[in-house]
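What follows is the content of entry03.cif, which has mmCIF, C-alpha atoms and all ligand atoms:
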```cif
data_coords
loop_
_atom_site.group_PDB
_atom_site.id
_atom_site.type_symbol
_atom_site.label_atom_id
_atom_site.label_comp_id
_atom_site.auth_asym_id
_atom_site.auth_seq_id
_atom_site.Cartn_x
_atom_site.Cartn_y
_atom_site.Cartn_z
ATOM 1 C CA MET Z 1219 -0.888 0.646 -9.581
ATOM 2 C CA GLU Z 1220 -0.871 1.540 -13.297
ATOM 3 C CA ALA Z 1221 -4.439 0.333 -13.773
ATOM 4 C CA LEU Z 1222 -5.614 2.252 -10.730
ATOM 5 C CA PHE Z 1223 -3.834 5.307 -12.013
ATOM 6 C CA LEU Z 1224 -5.501 5.242 -15.439
ATOM 7 C CA LYS Z 1225 -8.899 4.640 -13.811
ATOM 8 C CA GLN Z 1226 -8.547 7.653 -11.541
ATOM 9 C CA PHE Z 1227 -7.107 9.824 -14.319
ATOM 10 C CA GLN Z 1228 -10.023 8.954 -16.557
ATOM 11 C CA ALA Z 1229 -12.485 9.639 -13.738
ATOM 12 C CA LEU Z 1230 -11.032 13.105 -13.343
ATOM 13 C CA ILE Z 1231 -11.058 13.604 -17.104
ATOM 14 C CA GLY Z 1232 -14.707 12.570 -17.067
ATOM 15 C CA LEU Z 1233 -15.422 15.272 -14.519
ATOM 16 C CA CYS Z 1234 -13.873 17.826 -16.853
ATOM 17 C CA SER Z 1235 -15.796 16.720 -19.889
ATOM 18 C CA ARG Z 1236 -19.206 16.753 -18.242
ATOM 19 C CA PRO Z 1237 -21.366 19.727 -19.221
ATOM 20 C CA PRO Z 1238 -21.678 22.498 -18.322
ATOM 21 C CA TYR Z 1239 -18.027 22.569 -17.312
ATOM 22 C CA SER Z 1240 -16.413 21.600 -20.574
ATOM 23 C CA TYR Z 1241 -18.619 23.752 -22.726
ATOM 24 C CA MET Z 1242 -19.331 27.452 -22.571
ATOM 25 C CA SER Z 1243 -20.118 29.631 -25.550
ATOM 26 C CA LEU Z 1244 -17.614 30.075 -28.389
ATOM 27 C CA ASP Z 1245 -19.312 33.269 -29.396
ATOM 28 C CA SER Z 1246 -20.424 35.830 -26.855
ATOM 29 C CA ALA Z 1247 -23.435 36.588 -29.066
ATOM 30 C CA LEU Z 1248 -24.839 33.143 -28.288
ATOM 31 C CA PRO Z 1249 -27.338 32.805 -25.440
ATOM 32 C CA ASP Z 1250 -25.840 32.017 -21.997
ATOM 33 C CA SER Z 1251 -27.259 28.526 -22.084
ATOM 34 C CA THR Z 1252 -25.306 27.672 -25.238
ATOM 35 C CA PRO Z 1253 -22.464 25.337 -24.393
ATOM 36 C CA SER Z 1254 -18.895 26.488 -25.022
ATOM 37 C CA LEU Z 1255 -16.450 24.392 -26.961
ATOM 38 C CA ILE Z 1256 -13.436 25.651 -25.092
ATOM 39 C CA SER Z 1257 -12.181 23.806 -22.026
ATOM 40 C CA PRO Z 1258 -12.382 25.789 -18.814
ATOM 41 C CA ALA Z 1259 -9.339 26.697 -16.759
ATOM 42 C CA LEU Z 1260 -8.540 24.295 -13.916
ATOM 43 C CA PRO Z 1261 -9.665 26.661 -11.130
ATOM 44 C CA GLU Z 1262 -13.100 26.786 -12.779
ATOM 45 C CA LEU Z 1263 -13.580 23.037 -12.382
ATOM 46 C CA PRO Z 1264 -15.485 21.975 -9.298
ATOM 47 C CA GLY Z 1265 -13.908 19.341 -7.097
ATOM 48 C CA ILE Z 1266 -10.432 19.825 -8.529
ATOM 49 C CA PRO Z 1267 -7.930 20.846 -5.882
ATOM 50 C CA THR Z 1268 -5.398 23.528 -6.705
ATOM 51 C CA GLN Z 1269 -1.821 22.631 -7.489
ATOM 52 C CA THR Z 1270 -0.584 24.211 -4.277
ATOM 53 C CA HIS Z 1271 -1.564 21.204 -2.141
ATOM 54 C CA LEU Z 1272 0.746 18.924 -4.094
ATOM 55 C CA LYS Z 1273 3.830 17.899 -2.165
ATOM 56 C CA LEU Z 1274 6.358 16.993 -4.833
ATOM 57 C CA PRO Z 1275 6.602 18.559 -8.252
ATOM 58 C CA LEU Z 1276 5.750 16.264 -11.131
ATOM 59 C CA LYS Z 1277 8.916 15.478 -13.054
ATOM 60 C CA LEU Z 1278 8.422 16.023 -16.769
ATOM 61 C CA GLY Z 1279 10.417 14.820 -19.739
ATOM 62 C CA ILE Z 1280 9.556 16.737 -22.895
ATOM 63 C CA LEU Z 1281 10.040 15.395 -26.419
ATOM 64 C CA ALA Z 1282 9.977 18.055 -29.130
ATOM 65 C CA SER Z 1283 11.091 18.448 -32.728
ATOM 66 C CA GLY Z 1284 10.279 22.042 -33.651
ATOM 67 C CA THR Z 1285 9.463 25.530 -32.495
ATOM 68 C CA GLY Z 1286 8.563 24.726 -28.929
ATOM 69 C CA SER Z 1287 5.620 27.041 -28.341
ATOM 70 C CA ASN Z 1288 3.929 24.293 -26.300
ATOM 71 C CA PHE Z 1289 7.179 23.750 -24.403
ATOM 72 C CA GLU Z 1290 7.167 27.461 -23.605
ATOM 73 C CA ALA Z 1291 3.515 27.393 -22.526
ATOM 74 C CA ILE Z 1292 4.309 24.579 -20.082
ATOM 75 C CA VAL Z 1293 7.364 26.457 -18.771
ATOM 76 C CA ASN Z 1294 5.260 29.580 -18.242
ATOM 77 C CA THR Z 1295 2.489 27.677 -16.475
ATOM 78 C CA ILE Z 1296 5.071 26.245 -14.083
ATOM 79 C CA ALA Z 1297 6.648 29.691 -13.580
ATOM 80 C CA THR Z 1298 3.291 31.219 -12.670
ATOM 81 C CA GLN Z 1299 2.648 28.353 -10.220
ATOM 82 C CA GLN Z 1300 -0.428 27.039 -11.965
ATOM 83 C CA LEU Z 1301 1.343 23.739 -12.514
ATOM 84 C CA HIS Z 1302 3.408 22.069 -9.810
ATOM 85 C CA ALA Z 1303 5.961 20.443 -12.061
ATOM 86 C CA GLN Z 1304 9.584 20.536 -13.030
ATOM 87 C CA ILE Z 1305 11.012 19.938 -16.489
ATOM 88 C CA GLN Z 1306 13.827 17.464 -15.942
ATOM 89 C CA VAL Z 1307 14.958 17.206 -19.545
ATOM 90 C CA LEU Z 1308 14.138 18.106 -23.126
ATOM 91 C CA VAL Z 1309 14.873 15.449 -25.742
ATOM 92 C CA TYR Z 1310 14.933 16.697 -29.325
ATOM 93 C CA ASN Z 1311 15.658 14.877 -32.587
ATOM 94 C CA ASN Z 1312 16.338 17.735 -34.953
ATOM 95 C CA PRO Z 1313 19.595 19.683 -34.476
ATOM 96 C CA ASP Z 1314 17.950 22.871 -35.811
ATOM 97 C CA ALA Z 1315 14.903 22.720 -33.540
ATOM 98 C CA LYS Z 1316 14.142 26.167 -32.125
ATOM 99 C CA VAL Z 1317 12.919 24.609 -28.908
ATOM 100 C CA VAL Z 1318 16.539 24.035 -27.863
ATOM 101 C CA ALA Z 1319 17.258 27.733 -27.350
ATOM 102 C CA LYS Z 1320 14.119 27.982 -25.200
ATOM 103 C CA ALA Z 1321 15.393 25.194 -22.948
ATOM 104 C CA ARG Z 1322 18.948 26.513 -22.737
ATOM 105 C CA LYS Z 1323 17.665 29.975 -21.757
ATOM 106 C CA ARG Z 1324 16.111 28.358 -18.691
ATOM 107 C CA ASP Z 1325 18.978 25.970 -17.924
ATOM 108 C CA ILE Z 1326 16.862 22.939 -18.744
ATOM 109 C CA PRO Z 1327 19.073 20.051 -19.943
ATOM 110 C CA ALA Z 1328 18.529 19.521 -23.680
ATOM 111 C CA ILE Z 1329 19.652 16.250 -25.223
ATOM 112 C CA LEU Z 1330 19.853 15.643 -28.951
ATOM 113 C CA LEU Z 1331 18.900 12.140 -30.071
ATOM 114 C CA ASP Z 1332 18.989 12.465 -33.835
ATOM 115 C CA HIS Z 1333 16.790 9.756 -35.346
ATOM 116 C CA ARG Z 1334 19.166 9.557 -38.337
ATOM 117 C CA CYS Z 1335 21.834 8.093 -36.052
ATOM 118 C CA PHE Z 1336 19.721 5.068 -35.059
ATOM 119 C CA ALA Z 1337 19.230 1.888 -37.064
ATOM 120 C CA SER Z 1338 15.541 1.573 -36.181
ATOM 121 C CA ARG Z 1339 12.665 3.384 -34.462
ATOM 122 C CA GLU Z 1340 12.954 0.872 -31.619
ATOM 123 C CA GLU Z 1341 16.618 1.717 -31.034
ATOM 124 C CA LEU Z 1342 15.833 5.423 -30.907
ATOM 125 C CA ASP Z 1343 12.975 4.815 -28.467
ATOM 126 C CA ALA Z 1344 15.164 2.600 -26.254
ATOM 127 C CA GLN Z 1345 17.696 5.412 -25.991
ATOM 128 C CA ILE Z 1346 14.958 7.979 -25.286
ATOM 129 C CA ALA Z 1347 13.578 5.745 -22.522
ATOM 130 C CA LYS Z 1348 17.056 5.384 -21.044
ATOM 131 C CA VAL Z 1349 17.565 9.150 -20.916
ATOM 132 C CA LEU Z 1350 14.095 9.770 -19.463
ATOM 133 C CA HIS Z 1351 14.704 7.167 -16.761
ATOM 134 C CA GLN Z 1352 18.107 8.663 -15.982
ATOM 135 C CA PHE Z 1353 16.367 11.994 -15.376
ATOM 136 C CA GLN Z 1354 13.742 10.241 -13.208
ATOM 137 C CA VAL Z 1355 10.860 11.416 -15.339
ATOM 138 C CA ASP Z 1356 7.295 10.731 -14.090
ATOM 139 C CA LEU Z 1357 5.424 11.875 -17.180
ATOM 140 C CA VAL Z 1358 6.529 12.097 -20.814
ATOM 141 C CA VAL Z 1359 5.119 15.024 -22.774
ATOM 142 C CA MET Z 1360 5.217 15.008 -26.567
ATOM 143 C CA ALA Z 1361 5.122 18.681 -27.465
ATOM 144 C CA GLY Z 1362 5.429 18.635 -31.231
ATOM 145 C CA TRP Z 1363 7.364 15.349 -31.401
ATOM 146 C CA MET Z 1364 7.330 14.428 -35.074
ATOM 147 C CA ARG Z 1365 8.296 10.759 -34.748
ATOM 148 C CA ARG Z 1366 6.074 7.713 -34.526
ATOM 149 C CA VAL Z 1367 6.530 5.944 -31.215
ATOM 150 C CA THR Z 1368 7.108 2.218 -30.834
ATOM 151 C CA GLN Z 1369 6.035 -0.239 -28.181
ATOM 152 C CA VAL Z 1370 9.501 0.155 -26.639
ATOM 153 C CA LEU Z 1371 8.756 3.671 -25.395
ATOM 154 C CA ILE Z 1372 5.133 2.891 -24.543
ATOM 155 C CA ASP Z 1373 6.206 -0.081 -22.409
ATOM 156 C CA ALA Z 1374 8.825 2.043 -20.663
ATOM 157 C CA PHE Z 1375 6.158 4.607 -19.637
ATOM 158 C CA PRO Z 1376 2.786 2.833 -19.669
ATOM 159 C CA ASP Z 1377 -0.095 5.366 -19.629
ATOM 160 C CA ARG Z 1378 2.481 8.009 -18.871
ATOM 161 C CA ILE Z 1379 2.943 9.631 -22.277
ATOM 162 C CA LEU Z 1380 0.766 12.551 -23.373
ATOM 163 C CA ASN Z 1381 0.591 14.015 -26.877
ATOM 164 C CA ILE Z 1382 -1.059 17.095 -28.329
ATOM 165 C CA HIS Z 1383 -2.569 17.044 -31.799
ATOM 166 C CA PRO Z 1384 -4.005 19.981 -33.778
ATOM 167 C CA SER Z 1385 -7.435 18.525 -34.563
ATOM 168 C CA LEU Z 1386 -10.485 17.275 -32.741
ATOM 169 C CA LEU Z 1387 -9.546 13.597 -32.703
ATOM 170 C CA PRO Z 1388 -10.572 11.080 -33.853
ATOM 171 C CA SER Z 1389 -10.961 13.375 -36.892
ATOM 172 C CA PHE Z 1390 -7.837 14.148 -38.897
ATOM 173 C CA PRO Z 1391 -5.088 12.095 -37.261
ATOM 174 C CA GLY Z 1392 -1.589 12.068 -38.718
ATOM 175 C CA ILE Z 1393 0.352 14.757 -40.537
ATOM 176 C CA ARG Z 1394 -1.057 18.058 -41.855
ATOM 177 C CA ALA Z 1395 -4.086 17.832 -39.594
ATOM 178 C CA VAL Z 1396 -4.916 21.522 -40.040
ATOM 179 C CA GLU Z 1397 -4.869 21.228 -43.834
ATOM 180 C CA GLN Z 1398 -6.938 18.041 -43.605
ATOM 181 C CA ALA Z 1399 -9.597 19.907 -41.617
ATOM 182 C CA LEU Z 1400 -9.642 22.843 -44.050
ATOM 183 C CA ASN Z 1401 -9.875 20.514 -47.050
ATOM 184 C CA ALA Z 1402 -12.777 18.664 -45.444
ATOM 185 C CA GLY Z 1403 -14.658 21.953 -45.031
ATOM 186 C CA VAL Z 1404 -15.363 21.539 -41.320
ATOM 187 C CA LYS Z 1405 -16.717 24.604 -39.526
ATOM 188 C CA ILE Z 1406 -15.168 23.735 -36.171
ATOM 189 C CA SER Z 1407 -11.726 22.364 -35.478
ATOM 190 C CA GLY Z 1408 -9.436 22.390 -32.461
ATOM 191 C CA CYS Z 1409 -6.873 20.379 -30.557
ATOM 192 C CA THR Z 1410 -6.706 17.239 -28.467
ATOM 193 C CA VAL Z 1411 -4.492 16.026 -25.639
ATOM 194 C CA HIS Z 1412 -4.463 12.243 -25.458
ATOM 195 C CA VAL Z 1413 -2.616 9.362 -23.841
ATOM 196 C CA VAL Z 1414 -0.255 7.833 -26.402
ATOM 197 C CA ARG Z 1415 -0.946 4.409 -27.864
ATOM 198 C CA LEU Z 1416 0.860 2.616 -30.683
ATOM 199 C CA GLU Z 1417 -1.514 3.742 -33.398
ATOM 200 C CA VAL Z 1418 -0.781 7.345 -34.401
ATOM 201 C CA ASP Z 1419 -2.950 9.940 -32.613
ATOM 202 C CA SER Z 1420 -5.138 7.334 -30.951
ATOM 203 C CA GLY Z 1421 -5.470 6.645 -27.233
ATOM 204 C CA PRO Z 1422 -7.738 7.938 -24.472
ATOM 205 C CA ILE Z 1423 -8.640 11.601 -24.903
ATOM 206 C CA VAL Z 1424 -7.736 13.762 -21.925
ATOM 207 C CA MET Z 1425 -8.935 17.175 -23.033
ATOM 208 C CA GLN Z 1426 -10.080 18.998 -26.141
ATOM 209 C CA ALA Z 1427 -10.736 22.604 -27.102
ATOM 210 C CA ALA Z 1428 -12.546 23.768 -30.209
ATOM 211 C CA VAL Z 1429 -12.172 26.855 -32.380
ATOM 212 C CA PRO Z 1430 -14.270 28.114 -35.287
ATOM 213 C CA VAL Z 1431 -12.986 27.706 -38.843
ATOM 214 C CA LEU Z 1432 -13.501 31.037 -40.584
ATOM 215 C CA PRO Z 1433 -14.318 31.366 -44.290
ATOM 216 C CA ASP Z 1434 -11.020 33.043 -45.197
ATOM 217 C CA ASP Z 1435 -8.805 30.809 -43.045
ATOM 218 C CA THR Z 1436 -5.471 29.595 -44.369
ATOM 219 C CA PRO Z 1437 -3.573 26.710 -42.755
ATOM 220 C CA GLN Z 1438 -1.487 29.349 -40.976
ATOM 221 C CA THR Z 1439 -4.383 31.393 -39.538
ATOM 222 C CA LEU Z 1440 -6.279 28.305 -38.408
ATOM 223 C CA ALA Z 1441 -3.138 26.741 -36.895
ATOM 224 C CA ALA Z 1442 -2.464 29.948 -34.972
ATOM 225 C CA ARG Z 1443 -6.021 29.976 -33.562
ATOM 226 C CA ILE Z 1444 -5.678 26.324 -32.565
ATOM 227 C CA GLN Z 1445 -2.308 26.914 -30.900
ATOM 228 C CA VAL Z 1446 -3.791 29.480 -28.524
ATOM 229 C CA GLN Z 1447 -5.955 26.655 -27.191
ATOM 230 C CA GLU Z 1448 -3.103 24.118 -27.217
ATOM 231 C CA HIS Z 1449 -1.195 26.389 -24.886
ATOM 232 C CA ARG Z 1450 -4.104 26.246 -22.415
ATOM 233 C CA ILE Z 1451 -5.159 22.620 -22.495
ATOM 234 C CA PHE Z 1452 -1.743 20.976 -22.563
ATOM 235 C CA PRO Z 1453 -0.602 22.461 -19.236
ATOM 236 C CA GLN Z 1454 -4.088 21.818 -17.828
ATOM 237 C CA SER Z 1455 -3.912 18.154 -18.788
ATOM 238 C CA ILE Z 1456 -0.503 17.823 -17.149
ATOM 239 C CA ALA Z 1457 -1.887 19.518 -14.040
ATOM 240 C CA LEU Z 1458 -4.704 16.958 -13.896
ATOM 241 C CA TYR Z 1459 -2.169 14.166 -14.146
ATOM 242 C CA ALA Z 1460 -0.180 15.713 -11.297
ATOM 243 C CA ILE Z 1461 -3.279 15.801 -9.086
ATOM 244 C CA VAL Z 1462 -4.169 12.178 -9.766
ATOM 245 C CA LYS Z 1463 -0.607 10.978 -9.263
ATOM 246 C CA ASN Z 1464 -0.410 12.864 -5.985
ATOM 247 C CA SER Z 1465 -3.705 11.432 -4.753
ATOM 248 C CA ILE Z 1466 -2.547 7.872 -5.489
ATOM 249 C CA SER Z 1467 0.819 8.231 -3.807
ATOM 250 C CA GLU Z 1468 -0.656 9.839 -0.676
HETATM 251 C C1 LIG Z 1501 1.567 21.642 -32.395
HETATM 252 O O1 LIG Z 1501 0.677 22.262 -33.253
HETATM 253 C C2 LIG Z 1501 1.075 20.292 -31.984
HETATM 254 O O2 LIG Z 1501 -0.304 20.166 -32.056
HETATM 255 C C3 LIG Z 1501 1.717 19.378 -32.988
HETATM 256 O O3 LIG Z 1501 2.961 19.959 -33.256
HETATM 257 C C4 LIG Z 1501 2.887 21.355 -33.061
HETATM 258 C C5 LIG Z 1501 4.056 21.754 -32.211
HETATM 259 O O4 LIG Z 1501 4.170 23.141 -32.103
HETATM 260 N N1 LIG Z 1501 1.803 18.038 -32.478
HETATM 261 P P1 LIG Z 1501 5.240 23.773 -31.127
HETATM 262 O O5 LIG Z 1501 6.600 23.222 -31.507
HETATM 263 O O6 LIG Z 1501 4.863 23.420 -29.732
HETATM 264 O O7 LIG Z 1501 5.158 25.247 -31.373
#
```

Written as structure tokens, that's how I'd like the structure from this file.
Ligand code: GRF
Amino acid sequence: MEALFLKQFQALIGLCSRPPYSYMSLDSALPDSTPSLISPALPELPGIPTQTHLKLPLKLGILASGTGSNFEAIVNTIATQQLHAQIQVLVYNNPDAKVVAKARKRDIPAILLDHRCFASREELDAQIAKVLHQFQVDLVVMAGWMRRVTQVLIDAFPDRILNIHPSLLPSFPGIRAVEQALNAGVKISGCTVHVVRLEVDSGPIVMQAAVPVLPDDTPQTLAARIQVQEHRIFPQSIALYAIVKNSISE
């Protein structure tokens, strides 16, 4: 079942990354034939059914440590019925995380699992897995989760954990990805949604979107440009997962 799932998910991902669908122009001054580096919206993809045919909402468990702008983007995509999903629970590890207020405002259960209260990464992950199972989560979404995962969590949700990273992986994995890209002098950067594997920011790539790096960019201006794209491709990637899961369970 798991193997079949990953195969079908990757087939659908392949459909999305085949030109001309994944690439239209970054700059409207470029000729029409120039491929874009920004992923299209789901309705623009041929052969991808809309979310409305899905019977059951996909049950999401979100892990977040910070501001929660990706959390909010997912919430909004659900609210506007572009994503047939339901956020079962938010798990956060930092008591001051701003994401908590965003969850509370929408009556989404928010559970603090402070990493400082656990003797090891494995013990934290075991508790996270327990909570996610209690809330009957189908898919785990790391939306700014600033902890390294262990095999404990990966085994609890095999091929069912997605992460978003602010670079075009495999370039610039790890912390301060935006600064890494600026320091390297790249002219194009972006973001990546990928399936989580043990090695940090590795794993099969689901979707990417690119943005230009401008000469006067600071880490803040480039990060803001990248986040606009994160807020598009993360919900889209979850929507693709929902479609594949639905087609397998039919
Ligand atoms: C995002 O930039 C994401 O790429 C990285 O953490 C950040 C989280 O931002 N993994 P937010 O909390 O969703 O605003």

List every residue of chain Z that has an atom at most 9 Å from any atom of ligand LIG 1501 (chain Z), giving for each one its closest atom pair and the distance in Å to one decimal, counting all atoms listed in the file, sorted by chain and then by ascending residue number, as JSON lines.
```
{"residue": "Z:Ala1282", "atom": "CA", "partner": "Z:LIG1501", "partner_atom": "O5", "distance": 6.6}
{"residue": "Z:Ser1283", "atom": "CA", "partner": "Z:LIG1501", "partner_atom": "O5", "distance": 6.7}
{"residue": "Z:Gly1284", "atom": "CA", "partner": "Z:LIG1501", "partner_atom": "O5", "distance": 4.4}
{"residue": "Z:Thr1285", "atom": "CA", "partner": "Z:LIG1501", "partner_atom": "O5", "distance": 3.8}
{"residue": "Z:Gly1286", "atom": "CA", "partner": "Z:LIG1501", "partner_atom": "O5", "distance": 3.6}
{"residue": "Z:Ser1287", "atom": "CA", "partner": "Z:LIG1501", "partner_atom": "O7", "distance": 3.6}
{"residue": "Z:Asn1288", "atom": "CA", "partner": "Z:LIG1501", "partner_atom": "O6", "distance": 3.7}
{"residue": "Z:Phe1289", "atom": "CA", "partner": "Z:LIG1501", "partner_atom": "O6", "distance": 5.8}
{"residue": "Z:Glu1290", "atom": "CA", "partner": "Z:LIG1501", "partner_atom": "O6", "distance": 7.7}
{"residue": "Z:Ala1291", "atom": "CA", "partner": "Z:LIG1501", "partner_atom": "O6", "distance": 8.3}
{"residue": "Z:Ala1315", "atom": "CA", "partner": "Z:LIG1501", "partner_atom": "O5", "distance": 8.6}
{"residue": "Z:Lys1316", "atom": "CA", "partner": "Z:LIG1501", "partner_atom": "O5", "distance": 8.1}
{"residue": "Z:Val1317", "atom": "CA", "partner": "Z:LIG1501", "partner_atom": "O5", "distance": 7.0}
{"residue": "Z:Met1360", "atom": "CA", "partner": "Z:LIG1501", "partner_atom": "N1", "distance": 7.5}
{"residue": "Z:Ala1361", "atom": "CA", "partner": "Z:LIG1501", "partner_atom": "O6", "distance": 5.3}
{"residue": "Z:Gly1362", "atom": "CA", "partner": "Z:LIG1501", "partner_atom": "O3", "distance": 3.5}
{"residue": "Z:Trp1363", "atom": "CA", "partner": "Z:LIG1501", "partner_atom": "N1", "distance": 6.3}
{"residue": "Z:Met1364", "atom": "CA", "partner": "Z:LIG1501", "partner_atom": "N1", "distance": 7.1}
{"residue": "Z:Asn1381", "atom": "CA", "partner": "Z:LIG1501", "partner_atom": "N1", "distance": 7.0}
{"residue": "Z:Ile1382", "atom": "CA", "partner": "Z:LIG1501", "partner_atom": "O2", "distance": 4.9}
{"residue": "Z:His1383", "atom": "CA", "partner": "Z:LIG1501", "partner_atom": "O2", "distance": 3.9}
{"residue": "Z:Pro1384", "atom": "CA", "partner": "Z:LIG1501", "partner_atom": "O2", "distance": 4.1}
{"residue": "Z:Ser1385", "atom": "CA", "partner": "Z:LIG1501", "partner_atom": "O2", "distance": 7.7}
{"residue": "Z:Ile1393", "atom": "CA", "partner": "Z:LIG1501", "partner_atom": "N1", "distance": 8.8}
{"residue": "Z:Ala1395", "atom": "CA", "partner": "Z:LIG1501", "partner_atom": "O2", "distance": 8.8}
{"residue": "Z:Val1396", "atom": "CA", "partner": "Z:LIG1501", "partner_atom": "O1", "distance": 8.8}
{"residue": "Z:Cys1409", "atom": "CA", "partner": "Z:LIG1501", "partner_atom": "O2", "distance": 6.7}
{"residue": "Z:Thr1410", "atom": "CA", "partner": "Z:LIG1501", "partner_atom": "O2", "distance": 7.9}
{"residue": "Z:Val1411", "atom": "CA", "partner": "Z:LIG1501", "partner_atom": "O2", "distance": 8.7}
{"residue": "Z:Ala1441", "atom": "CA", "partner": "Z:LIG1501", "partner_atom": "O1", "distance": 6.9}
{"residue": "Z:Ala1442", "atom": "CA", "partner": "Z:LIG1501", "partner_atom": "O1", "distance": 8.5}
{"residue": "Z:Ile1444", "atom": "CA", "partner": "Z:LIG1501", "partner_atom": "O1", "distance": 7.6}
{"residue": "Z:Gln1445", "atom": "CA", "partner": "Z:LIG1501", "partner_atom": "O1", "distance": 6.0}
{"residue": "Z:Glu1448", "atom": "CA", "partner": "Z:LIG1501", "partner_atom": "O2", "distance": 6.8}
{"residue": "Z:His1449", "atom": "CA", "partner": "Z:LIG1501", "partner_atom": "O6", "distance": 8.3}
```

Ala1460 (chain Z) environment, 10 Å, all atoms listed in the file, sequence neighbours closer than 2 positions dropped, as a ChimeraX atom specification: /Z:1227,1269,1272,1274-1277,1301-1303,1356-1357,1454-1458,1462-1465

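For the atom pair formed by CA of Ile1406 (chain Z) and CA of Met1425 (chain Z), the distance is 16.0 Å, given to one decimal.
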
Atom-to-atom span, CA of Ile1372 (chain Z) and CA of Arg1324 (chain Z), Å: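 Value for the CA of Ile1372 (chain Z)-CA of Arg1324 (chain Z) distance: 28.3 Å.
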
Once the PyMOL selection byres (((chain Z and resi 1432) around 12) and not hetatm) has been applied to the shown file, what residues remain in the selection, as an MDAnalysis selection string? chainID Z and resid 1399:1400 1403:1407 1429:1431 1433:1437 1439:1441 1443

So how far away is CA of Leu1330 (chain Z) from CA of His1412 (chain Z), in Å?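 Going from CA of His1412 (chain Z) over to CA of Leu1330 (chain Z) covers 24.8 Å.
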
Find the residue from Z:Arg1394, Z:Arg1378, Z:His1333, Z:Lys1320 that sits nearest to Pro1422 (chain Z); use only C-alpha atoms when measuring.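 That would be Z:Arg1378, the residue with the smallest distance to Pro1422 (chain Z).
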
With a distance cut-off of 12 Å and only C-alpha atoms, select the neighbouring residues of Ser1338 (chain Z), excluding the residue or stretch itself and same-chain residues fewer than 6 positions from it, and output the selection as a PyMOL selection string. chain Z and resi 1332+1344-1345+1365-1368+1370

Just so the selection is clear, what residues does the PyMOL selection byres (((chain Z and resi 1374-1376) around 10) and not hetatm) cover here, as a PyMOL selection string? chain Z and resi 1220-1221+1224+1343-1344+1346-1348+1350-1351+1355-1358+1369-1373+1377-1379+1413-1415

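Taking only C-alpha atoms into account, Ile1292 (chain Z) lies nearest to Z:Gly1279 out of the set Z:Gly1279, Z:Pro1327, Z:Gly1408, Z:Pro1388.
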
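Using only C-alpha atoms, the nearest neighbour of Ile1326 (chain Z) within the list Z:Asn1401, Z:Gln1300, Z:Asn1312, Z:Gln1306 is Z:Gln1306.
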
So, with only C-alpha atoms as the atoms that count, which of Z:Val1309, Z:Gln1352, Z:Leu1387, Z:Ala1402 lies closest to Ala1328 (chain Z)? Z:Val1309

Nearest-residue call for Phe1353 (chain Z), choices Z:Leu1380, Z:Ile1451, Z:Ile1423, Z:Leu1308, using all atoms listed in the file: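 The answer is Z:Leu1308, which sits nearest to Phe1353 (chain Z).
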
Would you mind completing region 1455-1466 of chain Z to N, CA and C atoms and writing the output as a compact mmCIF listing (two decimals), in the coordinates of the input?
```txt
# COMPACT_ATOMS: atom_id res chain seq x y z
N SER Z 1455 -3.89 19.63 -18.81
CA SER Z 1455 -3.91 18.15 -18.79
C SER Z 1455 -2.79 17.61 -17.91
N ILE Z 1456 -1.63 18.25 -17.99
CA ILE Z 1456 -0.50 17.82 -17.15
C ILE Z 1456 -0.84 18.07 -15.68
N ALA Z 1457 -1.50 19.19 -15.43
CA ALA Z 1457 -1.89 19.52 -14.04
C ALA Z 1457 -2.86 18.47 -13.49
N LEU Z 1458 -3.78 18.01 -14.33
CA LEU Z 1458 -4.70 16.96 -13.90
C LEU Z 1458 -3.94 15.69 -13.56
N TYR Z 1459 -2.98 15.36 -14.39
CA TYR Z 1459 -2.17 14.17 -14.15
C TYR Z 1459 -1.47 14.30 -12.80
N ALA Z 1460 -0.91 15.49 -12.55
CA ALA Z 1460 -0.18 15.71 -11.30
C ALA Z 1460 -1.09 15.49 -10.09
N ILE Z 1461 -2.33 15.95 -10.19
CA ILE Z 1461 -3.28 15.80 -9.09
C ILE Z 1461 -3.59 14.33 -8.85
N VAL Z 1462 -3.83 13.60 -9.92
CA VAL Z 1462 -4.17 12.18 -9.77
C VAL Z 1462 -2.98 11.41 -9.21
N LYS Z 1463 -1.80 11.69 -9.74
CA LYS Z 1463 -0.61 10.98 -9.26
C LYS Z 1463 -0.41 11.25 -7.77
N ASN Z 1464 -0.59 12.49 -7.38
CA ASN Z 1464 -0.41 12.86 -5.98
C ASN Z 1464 -1.43 12.15 -5.10
N SER Z 1465 -2.66 12.05 -5.58
CA SER Z 1465 -3.70 11.43 -4.75
C SER Z 1465 -3.45 9.93 -4.60
N ILE Z 1466 -2.83 9.31 -5.60
CA ILE Z 1466 -2.55 7.87 -5.49
C ILE Z 1466 -1.36 7.62 -4.57
```
